[in-house]
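Peer 1: This is entry_33.txt, which holds compact mmCIF, C-alpha atoms:
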# COMPACT_ATOMS: atom_id res chain seq x y z
CA LEU A 1 89.12 46.64 79.91
CA CYS A 2 90.47 46.05 76.42
CA GLY A 3 88.42 46.48 73.28
CA SER A 4 87.15 42.92 73.62
CA GLY A 5 85.88 43.59 77.11
CA CYS A 6 88.56 41.49 78.83
CA ALA A 7 90.08 42.49 82.16
CA VAL A 8 93.58 44.01 81.63
CA VAL A 9 96.43 42.55 83.68
CA PRO A 10 100.24 42.89 83.32
CA SER A 11 101.60 40.81 80.42
CA ASN A 12 104.18 39.10 82.62
CA ARG A 13 101.25 37.53 84.48
CA ILE A 14 100.07 35.79 81.29
CA GLY A 15 103.22 34.47 79.62
CA THR A 16 101.92 34.27 76.01
CA ASP A 17 102.49 36.15 72.75
CA SER A 18 98.85 36.03 71.62
CA PRO A 19 97.09 39.29 70.62
CA HIS A 20 95.29 39.12 73.95
CA ALA A 21 98.43 38.66 76.00
CA ARG A 22 97.35 41.54 78.22
CA CYS A 23 93.87 40.22 78.77
CA LEU A 24 92.56 37.73 81.24
CA VAL A 25 89.00 36.60 80.60
CA PHE A 26 86.65 35.78 83.45
CA PRO A 27 83.44 34.95 81.55
CA SER A 28 81.70 33.48 84.56
CA LEU A 29 82.48 36.58 86.62
CA PHE A 30 81.16 38.92 83.93
CA GLU A 31 78.05 36.79 83.56
CA ALA A 32 77.48 36.89 87.32
CA MET A 33 77.91 40.67 87.38
CA ALA A 34 75.48 41.03 84.47
CA TRP A 35 72.94 38.83 86.27
CA LEU A 36 73.22 40.91 89.45
CA SER A 37 72.01 43.97 87.54
CA SER A 38 69.63 42.16 85.19
CA ALA A 39 65.87 42.68 85.06
CA THR A 40 65.27 39.62 87.26
CA GLY A 41 68.45 39.77 89.35
CA PRO A 42 68.71 40.09 93.15
CA MET A 43 68.68 43.88 92.96
CA THR A 44 65.01 43.75 91.93
CA THR A 45 61.66 42.66 93.33
CA HIS A 46 61.38 40.32 90.33
CA PHE A 47 63.91 38.18 92.20
CA TRP A 48 62.84 38.51 95.83
CA GLY A 49 59.10 38.12 95.22
CA PRO A 50 59.46 34.68 93.62
CA VAL A 51 62.16 33.69 96.12
CA ALA A 52 59.71 34.46 98.95
CA ASN A 53 57.15 32.27 97.20
CA TRP A 54 59.50 29.31 97.61
CA GLY A 55 58.46 29.50 101.26
CA LEU A 56 55.12 27.92 100.34
CA SER A 57 56.60 24.73 98.93
CA LEU A 58 59.47 24.62 101.43
CA SER A 59 57.05 24.96 104.36
CA ALA A 60 55.02 22.02 103.02
CA ILE A 61 58.20 19.96 102.62
CA TYR A 62 59.30 20.97 106.14
CA ASP A 63 55.95 20.02 107.66
CA ALA A 64 55.93 16.70 105.79
CA ASN A 65 59.28 15.79 107.34
CA THR A 66 58.86 17.19 110.84
CA LYS A 67 55.13 17.44 111.65
CA GLY A 68 52.35 14.94 111.97
CA PRO A 69 49.48 14.84 109.45
CA GLU A 70 47.04 16.17 112.03
CA ILE A 71 48.14 19.76 111.34
CA ILE A 72 47.48 19.50 107.59
CA ASN A 73 44.80 21.90 106.41
CA GLU A 74 43.37 19.93 103.52
CA ARG A 75 41.28 22.83 102.24
CA MET A 76 44.29 25.15 102.13
CA SER A 77 46.51 22.51 100.51
CA ALA A 78 43.91 21.78 97.82
CA THR A 79 43.49 25.50 97.20
CA GLN A 80 47.24 25.93 96.83
CA VAL A 81 47.44 23.14 94.25
CA ILE A 82 45.05 25.07 91.99
CA TYR A 83 46.54 28.45 92.88
CA SER A 84 50.09 27.37 92.09
CA GLY A 85 48.94 25.69 88.88
CA LEU A 86 47.56 29.04 87.71
CA PHE A 87 50.72 30.86 88.74
CA VAL A 88 52.88 28.45 86.73
CA ARG A 89 51.13 29.85 83.66
CA PHE A 90 51.26 33.42 85.04
CA ALA A 91 55.03 33.21 85.58
CA TRP A 92 55.48 32.15 81.97
CA CYS A 93 53.33 34.97 80.56
CA VAL A 94 54.42 37.91 82.74
CA GLN A 95 57.18 40.23 81.53
CA PRO A 96 59.97 39.82 82.34
CA ARG A 97 59.34 36.07 82.26
CA ASN A 98 60.14 34.73 85.70
CA TYR A 99 61.67 31.26 85.87
CA ILE A 100 62.12 31.41 89.64
CA LEU A 101 58.39 31.96 90.09
CA PHE A 102 57.70 29.20 87.56
CA GLY A 103 59.90 26.78 89.47
CA CYS A 104 58.60 27.55 92.95
CA HIS A 105 54.96 27.09 91.96
CA THR A 106 55.73 23.86 90.11
CA ALA A 107 57.37 22.62 93.32
CA ASN A 108 54.42 23.80 95.39
CA VAL A 109 51.93 21.81 93.30
CA ALA A 110 53.95 18.68 94.09
CA ALA A 111 54.52 19.56 97.77
CA GLN A 112 50.86 20.37 98.48
CA GLY A 113 49.76 17.28 96.56
CA ASN A 114 51.95 15.21 98.89
CA GLN A 115 50.34 16.89 101.91
CA LEU A 116 46.91 15.96 100.58
CA ARG A 117 48.09 12.37 100.19
CA ARG A 118 49.32 12.33 103.80
CA TRP A 119 46.04 13.83 105.02
CA GLY A 120 44.00 11.23 103.14
CA ASP A 121 46.08 8.34 104.51
CA HIS A 122 45.77 9.73 108.04
CA LYS A 123 42.00 10.11 107.81
CA LEU A 124 41.52 6.62 106.41
CA LYS A 125 43.52 5.14 109.29
CA THR A 126 42.09 7.21 112.16
CA GLU A 127 38.54 7.90 110.96
CA PRO A 128 37.61 4.97 108.71
CA ASP A 129 33.87 5.64 109.05
CA THR A 130 33.88 9.32 108.04
CA ALA A 131 37.04 9.53 105.93
CA PRO A 132 35.43 8.40 102.63
CA ALA A 133 32.83 11.16 102.87
CA GLN A 134 35.51 13.77 103.64
CA LEU A 135 37.63 12.62 100.71
CA GLN A 136 34.62 12.67 98.43
CA SER A 137 33.69 16.20 99.52
CA LEU A 138 37.21 17.45 98.84
CA SER A 139 37.19 15.68 95.46
CA TYR A 140 33.95 17.42 94.53
CA LEU A 141 35.42 20.80 95.39
CA GLY A 142 38.52 20.11 93.31
CA GLY A 143 36.49 18.76 90.42
CA GLY A 144 34.20 21.78 90.49
CA ALA A 145 37.15 24.16 90.39
CA ALA A 146 38.69 22.22 87.51
CA ALA A 147 35.39 22.30 85.61
CA VAL A 148 35.10 26.07 86.04
CA LEU A 149 38.66 26.57 84.80
CA ALA A 150 38.07 24.32 81.80
CA ALA A 151 34.83 26.08 80.89
CA SER A 152 36.58 29.45 81.18
CA LEU A 153 39.32 28.35 78.78
CA ILE A 154 36.76 27.06 76.26
CA ALA A 155 34.62 30.20 76.43
CA ARG A 156 37.49 32.69 76.55
CA LYS A 157 37.98 33.43 72.84
CA PRO A 158 34.26 33.53 71.88
CA LEU A 159 33.45 35.84 74.79
CA MET A 160 36.47 38.04 74.10
CA SER A 161 35.42 38.37 70.46
CA ALA A 162 31.84 39.19 71.46
CA PHE A 163 32.98 41.87 73.91
CA SER A 164 35.26 43.41 71.27
CA ASN A 165 32.41 43.59 68.76
CA MET A 166 30.10 45.29 71.27
CA GLY A 167 32.41 48.31 71.45
CA GLY A 168 32.50 50.93 74.19
CA PRO A 169 33.37 49.75 77.70
CA PHE A 170 32.96 46.11 76.67
CA ALA A 171 35.70 46.45 74.05
CA ALA A 172 37.87 48.21 76.63
CA VAL A 173 37.45 45.28 79.04
CA ALA A 174 38.36 42.82 76.28
CA ALA A 175 41.52 44.82 75.47
CA MET A 176 42.73 45.16 79.07
CA PRO A 177 46.06 43.27 79.38
CA ALA A 178 45.23 42.41 83.01
CA GLY A 179 41.51 41.95 82.33
CA PRO A 180 39.27 38.90 82.83
CA PHE A 181 40.31 37.27 79.55
CA TYR A 182 43.95 36.86 80.58
CA ILE A 183 45.89 34.82 83.15
CA HIS A 184 47.13 38.16 84.58
CA PHE A 185 43.62 38.52 86.03
CA TRP A 186 42.77 34.98 87.11
CA ALA A 187 45.98 33.92 88.84
CA PRO A 188 46.11 36.94 91.20
CA ASN A 189 42.38 36.89 91.89
CA PHE A 190 42.37 33.19 92.70
CA LYS A 191 44.77 34.15 95.49
CA TRP A 192 41.70 35.51 97.27
CA ALA A 193 40.87 31.86 98.00
CA LEU A 194 43.95 31.66 100.24
CA SER A 195 42.75 34.65 102.25
CA ILE A 196 39.23 33.23 102.47
CA ASN A 197 40.73 30.02 103.83
CA ASN A 198 42.59 32.02 106.47
CA ILE A 199 39.35 33.72 107.52
CA LEU A 200 37.47 30.40 107.65
CA ASP A 201 40.24 29.05 109.89
CA TYR A 202 40.03 31.94 112.36
CA ASN A 203 38.76 29.63 115.12
CA ARG A 204 41.01 26.71 114.18
CA PRO A 205 42.91 25.41 117.25
CA THR A 206 46.35 26.97 117.28
CA GLU A 207 48.04 23.60 117.76
CA ASN A 208 46.65 22.61 114.35
CA ILE A 209 48.04 25.66 112.56
CA SER A 210 51.24 25.35 110.55
CA LEU A 211 53.46 28.23 111.66
CA SER A 212 55.80 27.69 108.71
CA MET A 213 52.93 27.94 106.20
CA THR A 214 51.32 31.05 107.71
CA SER A 215 54.75 32.71 107.97
CA ALA A 216 55.44 31.94 104.30
CA MET A 217 52.09 33.39 103.22
CA THR A 218 52.66 36.54 105.31
CA LEU A 219 56.07 37.08 103.72
CA THR A 220 55.01 36.41 100.14
CA GLY A 221 51.94 38.63 100.51
CA THR A 222 54.06 41.51 101.80
CA ILE A 223 56.68 41.31 99.04
CA PHE A 224 54.15 40.74 96.26
CA MET A 225 52.40 43.99 97.14
CA ARG A 226 55.51 45.71 95.82
CA TRP A 227 55.98 43.29 92.92
CA SER A 228 52.51 44.03 91.56
CA PHE A 229 53.67 47.55 90.64
CA VAL A 230 56.89 46.61 88.84
CA ILE A 231 55.58 43.93 86.46
CA THR A 232 54.04 44.50 83.04
CA PRO A 233 51.13 45.01 83.07
CA VAL A 234 50.84 46.70 86.49
CA ASN A 235 48.40 44.59 88.45
CA TYR A 236 46.27 46.36 91.05
CA SER A 237 44.19 43.30 91.84
CA LEU A 238 47.43 41.49 92.69
CA PHE A 239 48.27 44.28 95.15
CA PHE A 240 44.97 44.15 97.01
CA VAL A 241 44.80 40.37 97.21
CA ASN A 242 48.29 40.25 98.69
CA LEU A 243 47.43 43.00 101.15
CA VAL A 244 44.58 40.87 102.47
CA LEU A 245 46.67 37.68 102.34
CA SER A 246 49.54 39.11 104.39
CA THR A 247 47.12 40.62 106.92
CA SER A 248 44.97 37.51 107.36
CA SER A 249 48.02 35.23 107.52
Hey, can you dump this file as structure tokens for me?
Peer 2:
Amino acid sequence: LCGSGCAVVPSNRIGTDSPHARCLVFPSLFEAMAWLSSATGPMTTHFWGPVANWGLSLSAIYDANTKGPEIINERMSATQVIYSGLFVRFAWCVQPRNYILFGCHTANVAAQGNQLRRWGDHKLKTEPDTAPAQLQSLSYLGGGAAAVLAASLIARKPLMSAFSNMGGPFAAVAAMPAGPFYIHFWAPNFKWALSINNILDYNRPTENISLSMTSAMTLTGTIFMRWSFVITPVNYSLFFVNLVLSTSS
């Protein structure tokens, strides 16, 4: 390399009298090499964890194009819409900021929303008498979850301030970077809902189980157990929830 960082090649290969006649610049190559060894490159779990999470949205897209709506688990799809919405925020706040994770969860919100649409259409066509009640029940669950999240956001700063003023262990909880006043706590812990759904579906007929979805959740749970120890802040709750998720899936 020359002083400018250019790759040195024989001058007769260049054919110019410029000061950099002996240099051939491959900016894209250098950028690629730098990315390979970067903090979120493919040599790190920061890359493979989010890549594995793409399995969630891709499995929903695969099922939508190859499977009938009868295998759609509406409870799991609705849970994933909220879960991925939280992880969109988590991916933006975690260090190093992870755009792959941000993108895959944004895609999953859309993919799972489409599955819910397909499920609703299917129910209305095949079970016109009971479908409205089922749709209403699912809407209530989603609305309740949204209300809890909204209330948490409104109460966050006042409660955090109150805990800080109380001192002692309360102040310590308020100051925890992965504590209950930060997205680093809520996004991973909401992942418990995916595991609970798996447990509730233990007796679900196997022909109504999406193999692609359960495989994706098993893979992402396994890789994220490792990822929870290499992010800042280290997130133990993320480790345990992914341990249960990979096992139950």
Peer 1: For a quick check of understanding, using all atoms listed in the file, which of A:Ala78, A:Leu58, A:Ile71, A:Val51 has the smallest distance to Glu207 in chain A?
Peer 2: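 Once distances to Glu207 in chain A are computed over all atoms listed in the file, the minimum belongs to A:Ile71.
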Peer 1: Could you give me the centre and size, in Å to one decimal, of an axis-aligned box around all listed atoms of range 211-226 of chain A with 5 Å added on every side, as JSON?
Peer 2:
{"center_x": 54.0, "center_y": 36.7, "center_z": 103.7, "size_x": 15.4, "size_y": 28.0, "size_z": 25.8}
Peer 1: Where does range 179-248 of chain A meet range 79-84 of chain A within 12 Å, residue by residue, with the nearest atom pair and distance in Å to one decimal for each, counting all atoms listed in the file, listed by chain and rising number, as JSON lines?
Peer 2:
{"residue": "A:Ile183", "atom": "CA", "partner": "A:Tyr83", "partner_atom": "CA", "distance": 11.6}
{"residue": "A:Trp186", "atom": "CA", "partner": "A:Tyr83", "partner_atom": "CA", "distance": 9.5}
{"residue": "A:Ala187", "atom": "CA", "partner": "A:Tyr83", "partner_atom": "CA", "distance": 6.8}
{"residue": "A:Pro188", "atom": "CA", "partner": "A:Tyr83", "partner_atom": "CA", "distance": 8.7}
{"residue": "A:Asn189", "atom": "CA", "partner": "A:Tyr83", "partner_atom": "CA", "distance": 9.5}
{"residue": "A:Phe190", "atom": "CA", "partner": "A:Tyr83", "partner_atom": "CA", "distance": 6.3}
{"residue": "A:Lys191", "atom": "CA", "partner": "A:Tyr83", "partner_atom": "CA", "distance": 6.5}
{"residue": "A:Trp192", "atom": "CA", "partner": "A:Tyr83", "partner_atom": "CA", "distance": 9.6}
{"residue": "A:Ala193", "atom": "CA", "partner": "A:Thr79", "partner_atom": "CA", "distance": 6.9}
{"residue": "A:Leu194", "atom": "CA", "partner": "A:Thr79", "partner_atom": "CA", "distance": 6.9}
{"residue": "A:Ser195", "atom": "CA", "partner": "A:Thr79", "partner_atom": "CA", "distance": 10.5}
{"residue": "A:Ile196", "atom": "CA", "partner": "A:Thr79", "partner_atom": "CA", "distance": 10.3}
{"residue": "A:Asn197", "atom": "CA", "partner": "A:Thr79", "partner_atom": "CA", "distance": 8.5}
{"residue": "A:Asn198", "atom": "CA", "partner": "A:Thr79", "partner_atom": "CA", "distance": 11.4}
{"residue": "A:Met213", "atom": "CA", "partner": "A:Gln80", "partner_atom": "CA", "distance": 11.1}
{"residue": "A:Met217", "atom": "CA", "partner": "A:Gln80", "partner_atom": "CA", "distance": 11.0}
Peer 1: Now that the selection is made, can you save its residues with C-alpha atoms as an mmCIF file, keeping the file's coordinate frame?
Peer 2:
data_model
loop_
_atom_site.group_PDB
_atom_site.id
_atom_site.type_symbol
_atom_site.label_atom_id
_atom_site.label_comp_id
_atom_site.auth_asym_id
_atom_site.auth_seq_id
_atom_site.Cartn_x
_atom_site.Cartn_y
_atom_site.Cartn_z
ATOM 1 C CA ILE A 183 45.890 34.820 83.150
ATOM 2 C CA TRP A 186 42.770 34.980 87.110
ATOM 3 C CA ALA A 187 45.980 33.920 88.840
ATOM 4 C CA PRO A 188 46.110 36.940 91.200
ATOM 5 C CA ASN A 189 42.380 36.890 91.890
ATOM 6 C CA PHE A 190 42.370 33.190 92.700
ATOM 7 C CA LYS A 191 44.770 34.150 95.490
ATOM 8 C CA TRP A 192 41.700 35.510 97.270
ATOM 9 C CA ALA A 193 40.870 31.860 98.000
ATOM 10 C CA LEU A 194 43.950 31.660 100.240
ATOM 11 C CA SER A 195 42.750 34.650 102.250
ATOM 12 C CA ILE A 196 39.230 33.230 102.470
ATOM 13 C CA ASN A 197 40.730 30.020 103.830
ATOM 14 C CA ASN A 198 42.590 32.020 106.470
ATOM 15 C CA MET A 213 52.930 27.940 106.200
ATOM 16 C CA MET A 217 52.090 33.390 103.220
#
Peer 1: Quick one: everything within 9 Å of Ser212 in chain A, counting all atoms listed in the file, minus sequence neighbours fewer than 4 positions away in the same chain. Send it as a ChimeraX atom specification.
Peer 2: /A:55-56,58-60,62-63,216-217
Peer 1: In Å to one decimal, how far is CA of Thr126 in chain A from CA of Ala110 in chain A?
Peer 2: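 CA of Ala110 in chain A sits 24.5 Å away from CA of Thr126 in chain A.
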Peer 1: Within 10 Å of range 146-160 of chain A, counting only C-alpha atoms, which residues qualify if same-chain residues fewer than 6 places away don't, as a PyMOL selection string?
Peer 2: chain A and resi 82+86+140+170-171+173-175+180-182+186
Peer 1: Nearest residue to Val230 in chain A out of A:Pro96, A:Gly41, A:Pro50, A:Asn108, using only C-alpha atoms?
Peer 2: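 Between A:Pro96, A:Gly41, A:Pro50, A:Asn108, the residue approaching Val230 in chain A most closely is A:Pro96.
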Peer 1: Please provide the set of residues having any atom within 10 Å of Ala91 in chain A, restricted to all atoms listed in the file, with same-chain residues fewer than 3 positions apart removed, written as a list in words.
Peer 2: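 Counting only the stated atoms, we get Pro50, Leu86, Phe87, Val88, Val94, Gln95, Pro96, Arg97, Asn98, Tyr99, Ile100, Leu101, Phe102, Gly103, Cys104, His105, Ile183, His184 and Ala187 of chain A.
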Peer 1: So which one's closest to Glu127 in chain A, A:Gly143, A:Glu70, A:Asn203, A:Ser228? Using all atoms listed in the file, please.
Peer 2: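 Closest candidate: A:Glu70.
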Peer 1: Using all atoms listed in the file, which residue out of A:Gly49, A:Pro42, A:Gly120, A:Pro128 lies closest to Ser77 in chain A?
Peer 2: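 For Ser77 in chain A, the nearest of the given residues is A:Gly120.
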Peer 1: Quote the spacing between CA of Pro177 in chain A and CA of Cys93 in chain A in Å to one decimal place.
Peer 2: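 Answer for the CA of Pro177 in chain A to CA of Cys93 in chain A separation: 11.1 Å.
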Peer 1: Report, in Å with one decimal, the straight-line distance from CA of Tyr202 in chain A to CA of Met76 in chain A.
Peer 2: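 These atoms are spaced 13.0 Å apart.
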Peer 1: Restricting the calculation to all atoms listed in the file, which member of A:Thr45, A:Thr220, A:Asn242, A:Thr130 is positioned closest to Ser57 in chain A?
Peer 2: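 Closest to Ser57 in chain A of all the choices is A:Thr220.
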Peer 1: If I put a ball of radius 10 Å at (48.9, 42.0, 95.0) in the file's coordinates, which residues poke into it when counting only C-alpha atoms, written as a list in words?
Peer 2: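 Residues with an atom close enough to that point: Pro188, Asn189, Lys191, Trp192, Thr220, Gly221, Thr222, Ile223, Phe224, Met225, Arg226, Trp227, Ser228, Phe229, Val234, Asn235, Tyr236, Ser237, Leu238, Phe239, Phe240, Val241, Asn242, Leu243, Val244, Leu245 and Ser246 of chain A.
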Peer 1: Have a look at A:Ala178, A:Ala131, A:Arg75, A:Asn114 and name the one nearest to Leu200 in chain A; count all atoms listed in the file.
Peer 2: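 Closest to Leu200 in chain A of all the choices is A:Arg75.
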